[in-house]
Amino acid sequence: MDTARQEPSALLAKAATAAGYAPSILNTQPWRWRVHGDVLELYADPSRQMQAVDPDGRLLVISCGAALHHAALALAAEGVTIDVELVAEGDLLARISVKGHREVTGQAMRAVQDMRLRHTDRRPVFGPADPDAVAAVRQAGTTPGVDVHLLRPEQVSELGVAAAHADRTEILDPQQRAELAYWVGGERPDQSGVPLDVVPPEPSGGPVPGRDYVRAGTLDVSSGNDAYATYLMLFGPGDEPADWLRAGQALSSAWLKATELGLSVLPFSSVVEVAPVRERLAATVLSGLGHPYLVLRLGALDPEHRLPPHTPRLPADQIVELG
Ligand SMILES: Cc1cc2nc3c(=O)[nH]c(=O)nc-3n(C[C@H](O)[C@H](O)[C@H](O)COP(=O)(O)O)c2cc1C
């Protein structure tokens with residue numbers, strides 16, 4: 001594509017739209033973009049924050065960090081070179097500035113294809129993930145300020161207990177339960193939330209129980225067994241909004257690598273949402289070496305089964321503003 005003929009503002013608006021493919025907590029898509037000339041600003045959208053489940057906005061900002069990473073990749077695939085500044089003051093989270101142009105690499109094109117293919121897989125995994133693929137995903141997620149820990153079997157058991165406790169805590173709280181029910185299934189006025197066709201009929205068992213989605217889904221989970229799964233924990237030294245943004249960038253990088261390598265990916269965040277559970281995992285699984293940002297389950301995909309459908313996305317005119 002001849003990017004030299006496109007205005008920076010058009011390229012930035014296009015990248016912000018492509019960043020809409022990013023994963024987000026309960027598919028809330030809690031971001032807004034503003035284009036000013038050759039600068040693209042990323043804002044949190046507090047109206048899409050899960051106030052009861054995520055009162056500090058931790059998962060909201062991690063989601064926005066994933067969108068920021070997606071936008072940067074979309075610009076690389078247009079041959080645009082950029083500066084990314086993490087701001088994390090109030091709702092303004094980050095600023096991307098256009099610097100120049102360069103030749104588009106095959107890797108950049110591939111990353112943008114993976115953005116469209118990537119999705120959450122809530123079925124049990126079909127088999128173990130190839131250890132080399134797990135190592136590549138860990139490497140992709142190990143980014144400035146973020147590390148990726150591979151859980152040992154006894155730590156997986158600890159995580160299982162923690163996830164069960166965190167889910168029960170949320171489900172027993174009437175406000176948190178109502179909030180989860182709002183974002184799952186049902187009818188929202190826009191293209192957001194988690195449809196029932198990507199949710200299992202009941203929370204999955206296995207060593208680490210899947211999230212209780214409050215409503216019964218229709219996803220076919222006939223094959224697979226999470227006894228084969230590998231669990232990774234993204235963590236880092238800080239627990240402030242700028243750290244959560246970095247965690248989101250790392251999440252996007254790791255997840256796109258897993259997509260490229262054909263792995264099944266499922267994030268677990270209730271263990272991070274419930275503060276005492278998060279603090280306990282920091283002490284036990286991480287031995288006090290950092291703050292947990294998110295857990296990822298990895299495994300092999302069932303080659304015989306169709307992938308779960310893609311979740312909806314907000315229209316571009318609701319998330320991108322031309323200033
Ligand atoms: C920060 C974050 C936390 C998430 N936590 C969970 C979770 O605990 N359980 C789950 O099933 N999915 C979780 N997800 C996956 C989202 O629900 C998913 O990204 C969203 O519904 C969009 O669907 P997609 O990933 O298939 O595009 C999480 C995603 C993000 C970015």
# chains A, B, ... in the order shown; residues from 1 in each chain; ligands from 1
call {"tool": "closest_atom_pairs", "arguments": {"of": "chain A", "to": "ligand 1", "cutoff": "6 Å", "atoms": "only C-alpha atoms and all ligand atoms", "output": "Markdown table"}}
result
| residue | atom | partner | partner_atom_place_in_ligand_line | distance |
| --- | --- | --- | --- | --- |
| A:Pro23 | CA | ligand 1 | 19 (O) | 3.4 |
| A:Ser24 | CA | ligand 1 | 31 (C) | 3.5 |
| A:Ile25 | CA | ligand 1 | 30 (C) | 4.1 |
| A:Leu26 | CA | ligand 1 | 17 (O) | 4.0 |
| A:Asn27 | CA | ligand 1 | 20 (C) | 3.8 |
| A:Leu59 | CA | ligand 1 | 1 (C) | 4.6 |
| A:Ile62 | CA | ligand 1 | 1 (C) | 5.2 |
| A:Ser63 | CA | ligand 1 | 31 (C) | 4.4 |
| A:His119 | CA | ligand 1 | 26 (O) | 3.5 |
| A:Thr120 | CA | ligand 1 | 26 (O) | 3.9 |
| A:Arg122 | CA | ligand 1 | 11 (O) | 5.9 |
| A:Val194 | CA | ligand 1 | 21 (O) | 5.0 |
| A:Arg211 | CA | ligand 1 | 9 (N) | 5.3 |
| A:Pro267 | CA | ligand 1 | 6 (C) | 4.7 |
| A:Phe268 | CA | ligand 1 | 8 (O) | 3.6 |
| A:Ser269 | CA | ligand 1 | 8 (O) | 3.9 |
| A:Ser270 | CA | ligand 1 | 8 (O) | 5.3 |
| A:His310 | CA | ligand 1 | 26 (O) | 5.6 |
| A:Thr311 | CA | ligand 1 | 23 (O) | 5.2 |
call {"tool": "residues_around", "arguments": {"residues": "stretch 239-244 of chain A", "least_positions_apart": "2", "cutoff": "8 Å", "atoms": "only C-alpha atoms", "output": "VMD selection string"}}
result
chain A and resid 58 to 59 61 to 62 65 86 to 88 93 145 236 to 237 246 to 248 291 293
call {"tool": "write_last_selection", "arguments": {"atoms": "N, CA and C atoms", "output": "PDB file, in the first residue's frame"}}
result
ATOM      1  N   ARG A  58      -8.467  -1.950  36.965  1.00  0.00           N
ATOM      2  CA  ARG A  58      -7.270  -2.742  36.607  1.00  0.00           C
ATOM      3  C   ARG A  58      -7.481  -3.506  35.292  1.00  0.00           C
ATOM      4  N   LEU A  59      -8.591  -4.246  35.218  1.00  0.00           N
ATOM      5  CA  LEU A  59      -8.842  -5.050  34.009  1.00  0.00           C
ATOM      6  C   LEU A  59      -9.229  -4.169  32.832  1.00  0.00           C
ATOM      7  N   VAL A  61      -7.921  -1.185  32.279  1.00  0.00           N
ATOM      8  CA  VAL A  61      -6.676  -0.628  31.724  1.00  0.00           C
ATOM      9  C   VAL A  61      -5.863  -1.722  31.017  1.00  0.00           C
ATOM     10  N   ILE A  62      -5.870  -2.937  31.559  1.00  0.00           N
ATOM     11  CA  ILE A  62      -5.171  -4.039  30.859  1.00  0.00           C
ATOM     12  C   ILE A  62      -5.792  -4.219  29.464  1.00  0.00           C
ATOM     13  N   GLY A  65      -4.565  -1.557  27.281  1.00  0.00           N
ATOM     14  CA  GLY A  65      -3.177  -1.808  26.890  1.00  0.00           C
ATOM     15  C   GLY A  65      -3.093  -2.780  25.719  1.00  0.00           C
ATOM     16  N   LEU A  86       3.250   6.268  27.287  1.00  0.00           N
ATOM     17  CA  LEU A  86       2.238   5.857  28.275  1.00  0.00           C
ATOM     18  C   LEU A  86       1.988   7.041  29.197  1.00  0.00           C
ATOM     19  N   VAL A  87       0.750   7.493  29.303  1.00  0.00           N
ATOM     20  CA  VAL A  87       0.422   8.677  30.107  1.00  0.00           C
ATOM     21  C   VAL A  87      -0.226   8.224  31.429  1.00  0.00           C
ATOM     22  N   ALA A  88      -1.322   7.501  31.322  1.00  0.00           N
ATOM     23  CA  ALA A  88      -2.017   6.936  32.494  1.00  0.00           C
ATOM     24  C   ALA A  88      -2.324   8.000  33.553  1.00  0.00           C
ATOM     25  N   LEU A  93      -4.839   7.580  28.636  1.00  0.00           N
ATOM     26  CA  LEU A  93      -3.933   6.474  28.952  1.00  0.00           C
ATOM     27  C   LEU A  93      -2.629   6.528  28.157  1.00  0.00           C
ATOM     28  N   GLY A 145       8.835  -4.328  31.919  1.00  0.00           N
ATOM     29  CA  GLY A 145       7.958  -4.240  33.095  1.00  0.00           C
ATOM     30  C   GLY A 145       7.032  -5.424  33.288  1.00  0.00           C
ATOM     31  N   GLY A 236       4.331  -8.312  37.306  1.00  0.00           N
ATOM     32  CA  GLY A 236       5.371  -7.284  37.218  1.00  0.00           C
ATOM     33  C   GLY A 236       5.558  -6.583  38.547  1.00  0.00           C
ATOM     34  N   PRO A 237       6.545  -5.683  38.607  1.00  0.00           N
ATOM     35  CA  PRO A 237       6.910  -5.065  39.886  1.00  0.00           C
ATOM     36  C   PRO A 237       5.932  -3.978  40.345  1.00  0.00           C
ATOM     37  N   ARG A 246       1.077  -1.673  30.518  1.00  0.00           N
ATOM     38  CA  ARG A 246       2.173  -2.536  30.019  1.00  0.00           C
ATOM     39  C   ARG A 246       1.729  -3.993  30.025  1.00  0.00           C
ATOM     40  N   ALA A 247       0.973  -4.370  31.062  1.00  0.00           N
ATOM     41  CA  ALA A 247       0.490  -5.759  31.131  1.00  0.00           C
ATOM     42  C   ALA A 247      -0.417  -6.051  29.932  1.00  0.00           C
ATOM     43  N   GLY A 248      -1.235  -5.074  29.556  1.00  0.00           N
ATOM     44  CA  GLY A 248      -2.126  -5.265  28.404  1.00  0.00           C
ATOM     45  C   GLY A 248      -1.347  -5.401  27.104  1.00  0.00           C
ATOM     46  N   HIS A 291       3.403  -8.400  41.215  1.00  0.00           N
ATOM     47  CA  HIS A 291       1.939  -8.349  41.283  1.00  0.00           C
ATOM     48  C   HIS A 291       1.360  -9.132  40.103  1.00  0.00           C
ATOM     49  N   TYR A 293      -0.984  -9.894  37.104  1.00  0.00           N
ATOM     50  CA  TYR A 293      -1.835  -9.087  36.218  1.00  0.00           C
ATOM     51  C   TYR A 293      -2.945  -9.931  35.589  1.00  0.00           C
TER      52      TYR A 293
END
call {"tool": "residues_around", "arguments": {"residues": "A:Arg177", "least_positions_apart": "6", "cutoff": "10 Å", "atoms": "only C-alpha atoms", "output": "PyMOL selection string"}}
result
chain A and resi 52-53+167-171+212-214
call {"tool": "write_last_selection", "arguments": {"atoms": "N, CA, C and O atoms", "output": "PDB file, in the first residue's frame"}}
result
ATOM      1  N   ALA A  52     -18.409  -2.798  39.801  1.00  0.00           N
ATOM      2  CA  ALA A  52     -18.454  -3.700  40.965  1.00  0.00           C
ATOM      3  C   ALA A  52     -17.333  -4.738  40.898  1.00  0.00           C
ATOM      4  O   ALA A  52     -16.646  -4.989  41.880  1.00  0.00           O
ATOM      5  N   VAL A  53     -17.139  -5.333  39.720  1.00  0.00           N
ATOM      6  CA  VAL A  53     -16.139  -6.403  39.567  1.00  0.00           C
ATOM      7  C   VAL A  53     -14.713  -5.828  39.478  1.00  0.00           C
ATOM      8  O   VAL A  53     -13.755  -6.441  39.942  1.00  0.00           O
ATOM      9  N   ASP A 167     -14.364 -16.833  42.209  1.00  0.00           N
ATOM     10  CA  ASP A 167     -15.649 -16.883  41.496  1.00  0.00           C
ATOM     11  C   ASP A 167     -16.815 -16.899  42.472  1.00  0.00           C
ATOM     12  O   ASP A 167     -17.813 -16.211  42.267  1.00  0.00           O
ATOM     13  N   ARG A 168     -16.660 -17.692  43.545  1.00  0.00           N
ATOM     14  CA  ARG A 168     -17.733 -17.760  44.538  1.00  0.00           C
ATOM     15  C   ARG A 168     -17.941 -16.385  45.174  1.00  0.00           C
ATOM     16  O   ARG A 168     -19.066 -15.924  45.340  1.00  0.00           O
ATOM     17  N   THR A 169     -16.855 -15.702  45.472  1.00  0.00           N
ATOM     18  CA  THR A 169     -16.944 -14.368  46.090  1.00  0.00           C
ATOM     19  C   THR A 169     -17.748 -13.428  45.181  1.00  0.00           C
ATOM     20  O   THR A 169     -18.624 -12.690  45.639  1.00  0.00           O
ATOM     21  N   GLU A 170     -17.460 -13.467  43.886  1.00  0.00           N
ATOM     22  CA  GLU A 170     -18.143 -12.557  42.959  1.00  0.00           C
ATOM     23  C   GLU A 170     -19.613 -12.928  42.788  1.00  0.00           C
ATOM     24  O   GLU A 170     -20.488 -12.062  42.754  1.00  0.00           O
ATOM     25  N   ILE A 171     -19.876 -14.232  42.677  1.00  0.00           N
ATOM     26  CA  ILE A 171     -21.246 -14.676  42.411  1.00  0.00           C
ATOM     27  C   ILE A 171     -22.146 -14.418  43.625  1.00  0.00           C
ATOM     28  O   ILE A 171     -23.335 -14.134  43.474  1.00  0.00           O
ATOM     29  N   ASP A 212     -17.623 -18.486  36.287  1.00  0.00           N
ATOM     30  CA  ASP A 212     -19.077 -18.706  36.310  1.00  0.00           C
ATOM     31  C   ASP A 212     -19.721 -17.518  35.605  1.00  0.00           C
ATOM     32  O   ASP A 212     -19.675 -16.392  36.109  1.00  0.00           O
ATOM     33  N   TYR A 213     -20.311 -17.780  34.450  1.00  0.00           N
ATOM     34  CA  TYR A 213     -20.878 -16.701  33.638  1.00  0.00           C
ATOM     35  C   TYR A 213     -22.315 -16.357  34.006  1.00  0.00           C
ATOM     36  O   TYR A 213     -22.983 -15.636  33.277  1.00  0.00           O
ATOM     37  N   VAL A 214     -22.796 -16.912  35.086  1.00  0.00           N
ATOM     38  CA  VAL A 214     -24.134 -16.625  35.617  1.00  0.00           C
ATOM     39  C   VAL A 214     -25.232 -17.192  34.712  1.00  0.00           C
ATOM     40  O   VAL A 214     -26.221 -17.714  35.186  1.00  0.00           O
TER      41      VAL A 214
END
call {"tool": "residues_around", "arguments": {"residues": "A:Leu232", "least_positions_apart": "6", "cutoff": "6 Å", "atoms": "only C-alpha atoms", "output": "VMD selection string"}}
result
chain A and resid 149 to 151 295 to 296
call {"tool": "select_by_dssp", "arguments": {"residues": "stretch 21-152 of chain A", "states": "strand (DSSP E or B)", "output": "ChimeraX atom specification"}}
result
/A:31-36,39-44,80-89,92-101,127,143,146-150
call {"tool": "residues_around", "arguments": {"residues": "A:Arg152", "least_positions_apart": "4", "cutoff": "12 Å", "atoms": "only C-alpha atoms", "output": "ChimeraX atom specification"}}
result
/A:156-159,229-233,284-286
call {"tool": "write_last_selection", "arguments": {"atoms": "N, CA, C and O atoms", "output": "compact mmCIF listing (two decimals), in the first residue's frame"}}
result
# COMPACT_ATOMS: atom_id res chain seq x y z
N VAL A 156 -0.55 -24.89 40.08
CA VAL A 156 -1.83 -24.99 39.36
C VAL A 156 -2.93 -25.37 40.35
O VAL A 156 -4.05 -24.84 40.30
N SER A 157 -2.62 -26.28 41.27
CA SER A 157 -3.62 -26.66 42.29
C SER A 157 -3.97 -25.44 43.14
O SER A 157 -5.14 -25.18 43.43
N GLU A 158 -2.97 -24.67 43.49
CA GLU A 158 -3.19 -23.44 44.28
C GLU A 158 -4.07 -22.46 43.49
O GLU A 158 -5.00 -21.86 44.02
N LEU A 159 -3.78 -22.35 42.20
CA LEU A 159 -4.58 -21.46 41.34
C LEU A 159 -6.03 -21.93 41.27
O LEU A 159 -6.97 -21.12 41.28
N ALA A 229 -3.77 -28.78 30.33
CA ALA A 229 -3.51 -27.34 30.12
C ALA A 229 -2.23 -26.88 30.80
O ALA A 229 -1.77 -27.45 31.79
N THR A 230 -1.66 -25.81 30.23
CA THR A 230 -0.51 -25.10 30.81
C THR A 230 -1.03 -23.75 31.28
O THR A 230 -1.84 -23.11 30.59
N TYR A 231 -0.58 -23.29 32.45
CA TYR A 231 -1.03 -22.00 32.98
C TYR A 231 0.15 -21.04 33.12
O TYR A 231 1.18 -21.41 33.70
N LEU A 232 -0.03 -19.85 32.59
CA LEU A 232 0.99 -18.80 32.69
C LEU A 232 0.43 -17.65 33.51
O LEU A 232 -0.77 -17.36 33.43
N MET A 233 1.29 -16.98 34.27
CA MET A 233 0.86 -15.79 35.00
C MET A 233 1.69 -14.59 34.54
O MET A 233 2.93 -14.61 34.65
N THR A 284 2.14 -16.52 47.25
CA THR A 284 2.41 -17.95 47.10
C THR A 284 3.05 -18.25 45.74
O THR A 284 4.23 -18.58 45.66
N VAL A 285 2.29 -18.05 44.67
CA VAL A 285 2.80 -18.43 43.34
C VAL A 285 4.02 -17.58 42.95
O VAL A 285 4.97 -18.08 42.36
N LEU A 286 3.97 -16.29 43.29
CA LEU A 286 5.07 -15.40 42.87
C LEU A 286 6.10 -15.17 43.98
O LEU A 286 7.05 -14.39 43.78
call {"tool": "select_by_dssp", "arguments": {"residues": "stretch 39-189 of chain A", "states": "helix (DSSP H, G or I)", "output": "count of residues only"}}
result
75
call {"tool": "atom_distance", "arguments": {"atom1": "atom CA of A:Ala140", "atom2": "atom CA of A:Pro315"}}
result
29.6 Å
call {"tool": "closest_residue", "arguments": {"among": "A:Asp132, A:Leu314, A:Val146, A:Gln249", "to": "A:Leu68", "atoms": "only C-alpha atoms"}}
result
A:Gln249
call {"tool": "residues_around", "arguments": {"residues": "A:Ser222", "least_positions_apart": "6", "cutoff": "12 Å", "atoms": "only C-alpha atoms", "output": "PyMOL selection string"}}
result
chain A and resi 122-126+200-201+204+302+304-306
call {"tool": "write_last_selection", "arguments": {"atoms": "C-alpha atoms", "output": "mmCIF file, in the first residue's frame"}}
result
data_model
loop_
_atom_site.group_PDB
_atom_site.id
_atom_site.type_symbol
_atom_site.label_atom_id
_atom_site.label_comp_id
_atom_site.auth_asym_id
_atom_site.auth_seq_id
_atom_site.Cartn_x
_atom_site.Cartn_y
_atom_site.Cartn_z
ATOM 1 C CA ARG A 122 -13.592 -21.458 26.772
ATOM 2 C CA ARG A 123 -13.704 -25.159 25.814
ATOM 3 C CA PRO A 124 -11.386 -27.525 27.697
ATOM 4 C CA VAL A 125 -8.080 -27.846 25.858
ATOM 5 C CA PHE A 126 -7.747 -30.790 23.470
ATOM 6 C CA PRO A 200 -20.099 -23.289 27.941
ATOM 7 C CA PRO A 201 -23.434 -24.613 29.275
ATOM 8 C CA SER A 204 -15.813 -25.979 33.127
ATOM 9 C CA ASP A 302 -9.072 -29.815 18.675
ATOM 10 C CA GLU A 304 -11.779 -31.747 14.310
ATOM 11 C CA HIS A 305 -13.907 -29.049 15.902
ATOM 12 C CA ARG A 306 -14.813 -25.641 14.508
#
